[in-house]
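What follows is final36.txt (compact mmCIF, C-alpha atoms).
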```
# COMPACT_ATOMS: atom_id res chain seq x y z
CA MET E 1 0.00 0.00 0.00
CA PRO E 2 1.49 3.37 -0.97
CA THR E 3 2.33 5.95 1.66
CA ASP E 4 0.57 9.27 1.44
CA ILE E 5 2.62 11.88 -0.39
CA SER E 6 3.77 14.83 1.67
CA LYS E 7 2.64 18.46 1.91
CA ASP E 8 5.82 19.39 0.03
CA ASP E 9 4.71 17.17 -2.83
CA ILE E 10 1.34 18.95 -2.89
CA ARG E 11 3.12 22.31 -2.94
CA ALA E 12 5.27 21.02 -5.81
CA LEU E 13 2.13 19.98 -7.68
CA LYS E 14 0.54 23.39 -7.14
CA GLU E 15 3.71 25.05 -8.43
CA GLY E 16 3.80 22.67 -11.41
CA ARG E 17 7.29 21.43 -10.56
CA ASP E 18 8.87 18.67 -12.67
CA GLY E 19 8.25 15.16 -11.42
CA ALA E 20 5.48 16.11 -9.01
CA MET E 21 2.73 14.73 -11.21
CA ALA E 22 4.68 11.52 -11.85
CA GLU E 23 5.09 11.12 -8.08
CA LEU E 24 1.33 11.45 -7.60
CA VAL E 25 0.49 8.97 -10.38
CA ASN E 26 3.16 6.51 -9.19
CA SER E 27 1.93 6.66 -5.62
CA TYR E 28 -1.79 6.13 -6.16
CA THR E 29 -2.50 4.39 -9.49
CA GLN E 30 -2.32 0.94 -7.94
CA THR E 31 -4.81 1.82 -5.19
CA LEU E 32 -7.24 3.46 -7.62
CA LEU E 33 -7.08 0.47 -9.97
CA ALA E 34 -7.58 -1.98 -7.08
CA VAL E 35 -10.67 -0.12 -5.85
CA SER E 36 -12.06 0.08 -9.41
CA PHE E 37 -11.51 -3.65 -9.98
CA ALA E 38 -13.23 -4.38 -6.68
CA MET E 39 -16.17 -2.26 -7.85
CA GLY E 40 -16.42 -4.60 -10.82
CA PHE E 41 -14.97 -2.43 -13.57
CA SER E 42 -12.96 -3.88 -16.47
CA GLN E 43 -9.27 -3.06 -16.84
CA ALA E 44 -9.96 -0.42 -19.50
CA ASP E 45 -12.73 1.24 -17.48
CA ALA E 46 -10.66 1.06 -14.30
CA GLU E 47 -7.80 2.88 -16.02
CA GLU E 48 -10.15 5.50 -17.42
CA LEU E 49 -11.64 6.06 -13.97
CA ALA E 50 -8.18 6.40 -12.41
CA GLN E 51 -7.19 8.87 -15.13
CA GLU E 52 -10.34 10.96 -14.64
CA THR E 53 -9.79 10.89 -10.89
CA PHE E 54 -6.27 12.31 -11.21
CA ALA E 55 -7.47 14.90 -13.73
CA ALA E 56 -10.28 16.03 -11.40
CA PHE E 57 -7.86 16.17 -8.46
CA LEU E 58 -5.33 18.26 -10.38
CA SER E 59 -7.92 20.67 -11.75
CA ALA E 60 -9.24 21.36 -8.25
CA LEU E 61 -5.91 21.23 -6.45
CA ASP E 62 -6.43 24.63 -4.84
CA ARG E 63 -9.49 23.28 -3.07
CA PHE E 64 -7.53 20.45 -1.44
CA GLU E 65 -6.96 21.71 2.07
CA GLY E 66 -5.08 18.73 3.38
CA ARG E 67 -7.66 17.94 6.03
CA SER E 68 -7.99 14.38 4.76
CA GLN E 69 -5.26 12.12 3.43
CA ILE E 70 -4.74 12.35 -0.31
CA LYS E 71 -5.54 8.67 -0.69
CA THR E 72 -8.92 9.10 1.01
CA TYR E 73 -9.61 12.20 -1.05
CA LEU E 74 -8.71 10.48 -4.34
CA VAL E 75 -10.77 7.37 -3.58
CA GLY E 76 -13.68 9.70 -2.74
CA ILE E 77 -13.38 11.33 -6.19
CA LEU E 78 -13.09 7.88 -7.79
CA TYR E 79 -16.24 6.69 -6.00
CA ASN E 80 -18.25 9.67 -7.29
CA LYS E 81 -16.92 9.15 -10.83
CA ALA E 82 -17.84 5.46 -10.63
CA ALA E 83 -21.34 6.32 -9.38
CA ASP E 84 -21.77 8.71 -12.35
CA PHE E 85 -20.47 6.03 -14.67
CA ARG E 86 -23.04 3.56 -13.43
CA ARG E 87 -25.86 6.05 -12.86
CA LYS E 88 -28.00 4.93 -15.79
CA SER E 89 -27.95 1.25 -15.00
CA TYR E 90 -27.42 1.68 -11.30
CA ARG E 91 -30.38 1.29 -9.02
CA GLU E 92 -30.35 0.82 -5.29
CA GLU E 93 -32.47 -2.20 -4.53
CA SER E 94 -34.99 -2.50 -1.74
CA LEU E 95 -32.57 -3.29 1.02
CA ASP E 96 -35.32 -3.92 3.55
CA LYS E 97 -36.13 -7.17 1.78
CA ILE E 98 -32.67 -8.52 2.52
CA GLN E 99 -33.15 -7.72 6.19
CA ASP E 100 -36.65 -9.24 6.26
CA ASP E 101 -35.50 -12.46 4.64
CA PHE E 102 -32.70 -12.75 7.16
CA GLU E 103 -35.05 -12.11 10.11
CA LYS E 104 -37.31 -14.91 8.91
CA ARG E 105 -34.50 -17.38 9.49
CA PHE E 106 -35.06 -17.14 13.26
CA ASN E 107 -37.96 -18.12 15.52
CA GLU E 108 -39.34 -15.96 18.34
CA SER E 109 -36.67 -17.23 20.75
CA GLY E 110 -33.92 -16.12 18.37
CA LEU E 111 -32.97 -19.69 17.41
CA TRP E 112 -32.49 -20.74 13.80
CA SER E 113 -35.78 -21.81 12.25
CA ARG E 114 -34.10 -22.10 8.85
CA PRO E 115 -30.46 -22.87 9.63
CA PRO E 116 -27.74 -21.70 7.25
CA LEU E 117 -26.80 -24.14 4.48
CA GLY E 118 -23.94 -23.90 2.00
CA PRO E 119 -20.28 -24.91 2.20
CA GLU E 120 -19.10 -26.39 5.46
CA GLU E 121 -15.42 -26.61 4.60
CA SER E 122 -13.03 -24.73 6.80
CA VAL E 123 -10.62 -24.45 3.87
CA LEU E 124 -11.35 -21.85 1.23
CA THR E 125 -11.28 -23.72 -2.08
CA GLY E 126 -10.96 -22.18 -5.54
CA GLU E 127 -14.52 -23.26 -6.21
CA ILE E 128 -15.90 -21.38 -3.22
CA LYS E 129 -13.82 -18.32 -4.09
CA GLU E 130 -15.28 -18.33 -7.60
CA LEU E 131 -18.84 -18.50 -6.21
CA ILE E 132 -18.16 -15.63 -3.80
CA ALA E 133 -16.64 -13.56 -6.63
CA GLN E 134 -19.80 -14.15 -8.69
CA CYS E 135 -21.96 -13.13 -5.72
CA ALA E 136 -19.92 -9.95 -5.19
CA GLU E 137 -21.03 -8.80 -8.63
CA GLY E 138 -24.56 -8.55 -7.24
CA LEU E 139 -23.62 -5.98 -4.57
CA THR E 140 -24.42 -2.32 -5.12
CA LEU E 141 -21.54 0.05 -5.83
CA SER E 142 -21.59 1.49 -2.30
CA GLN E 143 -21.67 -1.99 -0.73
CA LYS E 144 -18.78 -3.20 -2.90
CA THR E 145 -16.71 -0.13 -2.18
CA ALA E 146 -17.33 -0.18 1.56
CA PHE E 147 -16.66 -3.90 1.81
CA PHE E 148 -13.47 -3.77 -0.25
CA LEU E 149 -12.06 -0.76 1.59
CA ARG E 150 -12.74 -2.41 4.93
CA GLU E 151 -11.68 -6.00 4.17
CA SER E 152 -8.86 -5.48 1.71
CA GLU E 153 -7.45 -2.02 2.23
CA GLY E 154 -8.09 -2.02 5.99
CA GLU E 155 -9.38 1.56 5.88
CA SER E 156 -10.79 3.09 9.06
CA SER E 157 -14.54 3.62 9.39
CA GLU E 158 -13.94 7.38 9.44
CA ASP E 159 -12.11 7.34 6.09
CA ILE E 160 -14.69 5.04 4.46
CA CYS E 161 -17.49 7.35 5.68
CA ASN E 162 -15.65 10.33 4.11
CA ILE E 163 -15.12 8.50 0.83
CA LEU E 164 -18.74 7.38 0.52
CA GLY E 165 -20.25 10.48 2.10
CA VAL E 166 -22.26 8.43 4.62
CA SER E 167 -22.65 8.42 8.41
CA TYR E 168 -21.09 5.76 10.64
CA THR E 169 -24.52 4.19 11.17
CA ASN E 170 -25.09 4.01 7.42
CA LEU E 171 -21.69 2.40 6.93
CA ARG E 172 -22.50 -0.30 9.49
CA VAL E 173 -25.78 -0.99 7.69
CA LEU E 174 -23.99 -1.12 4.32
CA LEU E 175 -21.42 -3.65 5.56
CA TYR E 176 -24.03 -5.66 7.46
CA ARG E 177 -26.27 -5.97 4.42
CA ALA E 178 -23.36 -6.67 2.06
CA ARG E 179 -22.36 -9.60 4.26
CA ILE E 180 -25.94 -10.97 4.51
CA LYS E 181 -26.35 -10.68 0.77
CA LEU E 182 -23.05 -12.39 -0.05
CA ARG E 183 -23.71 -15.26 2.36
CA GLU E 184 -27.30 -15.80 1.17
CA CYS E 185 -26.08 -15.79 -2.44
CA LEU E 186 -23.28 -18.25 -1.63
CA GLU E 187 -25.78 -20.60 0.04
CA LYS E 188 -28.19 -20.38 -2.87
CA LYS E 189 -25.54 -21.06 -5.51
CA TRP E 190 -23.99 -23.88 -3.51
CA GLU E 191 -27.29 -25.60 -2.74
CA SER E 192 -28.69 -25.26 -6.23
CA GLY E 193 -25.69 -27.23 -7.44
CA LYS E 194 -24.45 -24.48 -9.70
CA HIS E 195 -21.01 -25.09 -8.29
CA ASP E 196 -20.86 -28.48 -10.04
CA MET L 1 -27.82 -19.44 34.76
CA ILE L 2 -25.52 -19.86 31.75
CA LYS L 3 -28.52 -20.81 29.64
CA ARG L 4 -30.20 -17.53 30.59
CA LEU L 5 -27.08 -15.49 29.79
CA MET L 6 -26.24 -17.39 26.62
CA PRO L 7 -26.78 -15.21 23.51
CA SER L 8 -29.32 -16.49 21.00
CA CYS L 9 -28.41 -17.60 17.49
CA ARG L 10 -29.82 -14.32 16.18
CA GLU L 11 -27.57 -12.31 18.55
CA VAL L 12 -24.50 -14.35 17.59
CA SER L 13 -25.17 -13.95 13.86
CA GLU L 14 -25.74 -10.19 14.32
CA LYS L 15 -22.32 -9.91 15.99
CA VAL L 16 -20.73 -11.87 13.17
CA LEU L 17 -22.40 -9.66 10.56
CA VAL L 18 -21.19 -6.40 12.06
CA GLY L 19 -17.71 -7.88 12.52
CA GLU L 20 -17.82 -7.53 16.29
CA LEU L 21 -17.75 -11.13 17.38
CA PHE L 22 -14.57 -10.83 19.37
CA ASN L 23 -14.68 -7.15 20.35
CA ALA L 24 -17.36 -7.71 22.97
CA PRO L 25 -16.70 -7.33 26.73
CA LEU L 26 -14.97 -10.32 28.34
CA LEU L 27 -18.02 -12.19 29.70
CA GLN L 28 -20.04 -11.68 26.56
CA ARG L 29 -17.09 -12.74 24.43
CA GLY L 30 -16.75 -15.95 26.43
CA LEU L 31 -20.44 -16.70 26.01
CA LEU L 32 -20.27 -16.00 22.28
CA ARG L 33 -17.34 -18.41 21.94
CA LEU L 34 -19.18 -21.02 24.00
CA HIS L 35 -22.27 -20.63 21.83
CA LEU L 36 -20.14 -21.12 18.70
CA MET L 37 -18.60 -24.27 20.16
CA LEU L 38 -22.02 -25.73 20.90
CA CYS L 39 -24.01 -24.57 17.85
CA GLU L 40 -23.04 -26.04 14.50
CA HIS L 41 -25.36 -23.68 12.60
CA CYS L 42 -23.77 -20.55 14.03
CA ARG L 43 -20.33 -22.08 13.51
CA ARG L 44 -21.10 -22.65 9.85
CA PHE L 45 -22.53 -19.13 9.53
CA SER L 46 -19.42 -17.61 11.11
CA ARG L 47 -17.03 -19.71 9.00
CA GLN L 48 -18.81 -18.73 5.80
CA LEU L 49 -18.54 -15.04 6.69
CA GLU L 50 -14.80 -15.51 7.27
CA MET L 51 -14.48 -17.13 3.83
CA ILE L 52 -16.32 -14.22 2.28
CA SER L 53 -14.05 -11.65 3.93
CA LYS L 54 -10.91 -13.47 2.81
CA THR L 55 -12.17 -13.83 -0.75
CA VAL L 56 -13.21 -10.19 -1.11
CA GLU L 57 -9.71 -9.31 0.07
CA GLU L 58 -8.28 -11.35 -2.81
CA ILE L 59 -10.67 -10.37 -5.61
CA ALA L 60 -8.75 -7.39 -6.94
CA ARG L 61 -5.27 -8.80 -6.46
CA PRO L 62 -4.93 -11.15 -9.46
CA GLN L 63 -5.75 -8.26 -11.78
CA LEU L 64 -3.04 -6.09 -10.29
CA ASP L 65 -0.23 -7.52 -12.37
CA PRO L 66 2.75 -5.16 -11.93
CA ARG L 67 3.06 -4.88 -15.73
CA VAL L 68 -0.59 -3.80 -16.00
CA VAL L 69 -0.09 -1.18 -13.28
CA LYS L 70 3.14 0.08 -14.85
CA ALA L 71 1.56 0.43 -18.31
CA ALA L 72 -1.49 2.17 -16.81
CA LYS L 73 0.74 4.66 -14.95
CA ARG L 74 2.58 5.49 -18.17
CA ARG L 75 -0.64 6.05 -20.17
CA ILE L 76 -2.27 8.09 -17.39
CA LEU L 77 0.78 10.29 -17.05
CA GLU L 78 0.97 10.87 -20.81
CA HIS L 79 -2.69 11.86 -20.82
CA LEU L 80 -2.32 14.24 -17.87
CA LYS L 81 0.76 16.06 -19.11
CA PRO L 82 -0.05 19.46 -20.61
CA LYS L 83 0.02 19.22 -24.39
```
For the file at hand, write its structure as structure tokens.
Amino acid sequence: MPTDISKDDIRALKEGRDGAMAELVNSYTQTLLAVSFAMGFSQADAEELAQETFAAFLSALDRFEGRSQIKTYLVGILYNKAADFRRKSYREESLDKIQDDFEKRFNESGLWSRPPLGPEESVLTGEIKELIAQCAEGLTLSQKTAFFLRESEGESSEDICNILGVSYTNLRVLLYRARIKLRECLEKKWESGKHD
Amino acid sequence: MIKRLMPSCREVSEKVLVGELFNAPLLQRGLLRLHLMLCEHCRRFSRQLEMISKTVEEIARPQLDPRVVKAAKRRILEHLKPK
């Protein structure tokens, strides 16, 4: 994971000094591509998103006050670009249904009335990974981003909230529902024998 | 006594879902672990969530071939440089 570039580097960027832009691109391209891939974008689209993110950052450099880390700030821009990119086909589903379906798995005493099915293995096989990857495609953009930043990049809740523009409570709900949805999907695919 | 204090399957799964299974206070944490030892359904649920976390962590990695990243950096930089 790249380290955040320094205030001097930002000053150099503002002054248009040689090498400053290359330093920025070298430091953050990998992160921006990783987040874009995790959002489900192809390599070409991921690169275009990263490029647009840098361009937007550079054109509004004077507005960057250094209150958040550059990485957080850039991923925030990337997230908004990705949301624009997907706007036409992107639709937040009725999330309450996910919650309702999960609640129905328990009886009044809080015990499983419909116990979880799906893989029992303690070892993560290639087959299970493939099923989970397929299920991840069904998450919304905000769920994918939140989940990836938390599980893979190890970002703090505060930074993820800044990137997504959501409250801490909303972030918890996003992660909670992403996990329910992925597990339910894994169970369904596994039990329907699609893994064969 | 323990039976009365023991969290329900719903409570255990909620803790797993918010990623706070082992951040609970000591007594509660002990009871959650005990519940997981005794309840195969919750154990399976918890194990599956662990698998999911690990997999999501790995999803983007295979695509991050250093050559792909290097080529992308070069193209991005070319595009950003003032013409």
_Interface, chain L side, toward chain E (9 Å; only C-alpha atoms) as an NGL selection string_ = :L and (7-11 or 14 or 17-19 or 41-42 or 44-45 or 47-49 or 51-61 or 63-64 or 66 or 68-70 or 72-77 or 79-81)
Between atom CA of Ile160 of chain E and atom CA of Leu26 of chain L lies a distance of 28.4 Å
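Our summary of the geometry notes that atom CA of Glu137 of chain E is positioned 20.8 Å from atom CA of Gly76 of chain E.
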Counting only C-alpha atoms, closest pick from L:Leu5, L:Glu50, L:Arg67, L:Val16 relative to Leu31 of chain L is L:Leu5
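In this structure, atom CA of Ser156 of chain E sits 14.5 Å away from atom CA of Ile70 of chain E.
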Residue contacts of Leu27 of chain L (12 Å, only C-alpha atoms) excluding same-chain residues fewer than 4 positions away, as a short mmCIF file (atom, residue, chain, number, x, y, z; two decimals) with C-alpha atoms, in the frame of the given file:
```cif
data_model
loop_
_atom_site.label_atom_id
_atom_site.label_comp_id
_atom_site.auth_asym_id
_atom_site.auth_seq_id
_atom_site.Cartn_x
_atom_site.Cartn_y
_atom_site.Cartn_z
CA ILE L 2 -25.52 -19.86 31.75
CA LEU L 5 -27.08 -15.49 29.79
CA MET L 6 -26.24 -17.39 26.62
CA PRO L 7 -26.78 -15.21 23.51
CA PHE L 22 -14.57 -10.83 19.37
CA ASN L 23 -14.68 -7.15 20.35
CA LEU L 31 -20.44 -16.70 26.01
CA LEU L 32 -20.27 -16.00 22.28
CA ARG L 33 -17.34 -18.41 21.94
CA LEU L 34 -19.18 -21.02 24.00
#
```
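Between Ile98 of chain E and the residues E:Arg63, E:Lys181, E:Arg11, E:Lys71, the shortest atom-to-atom distance, using all atoms listed in the file, involves E:Lys181.
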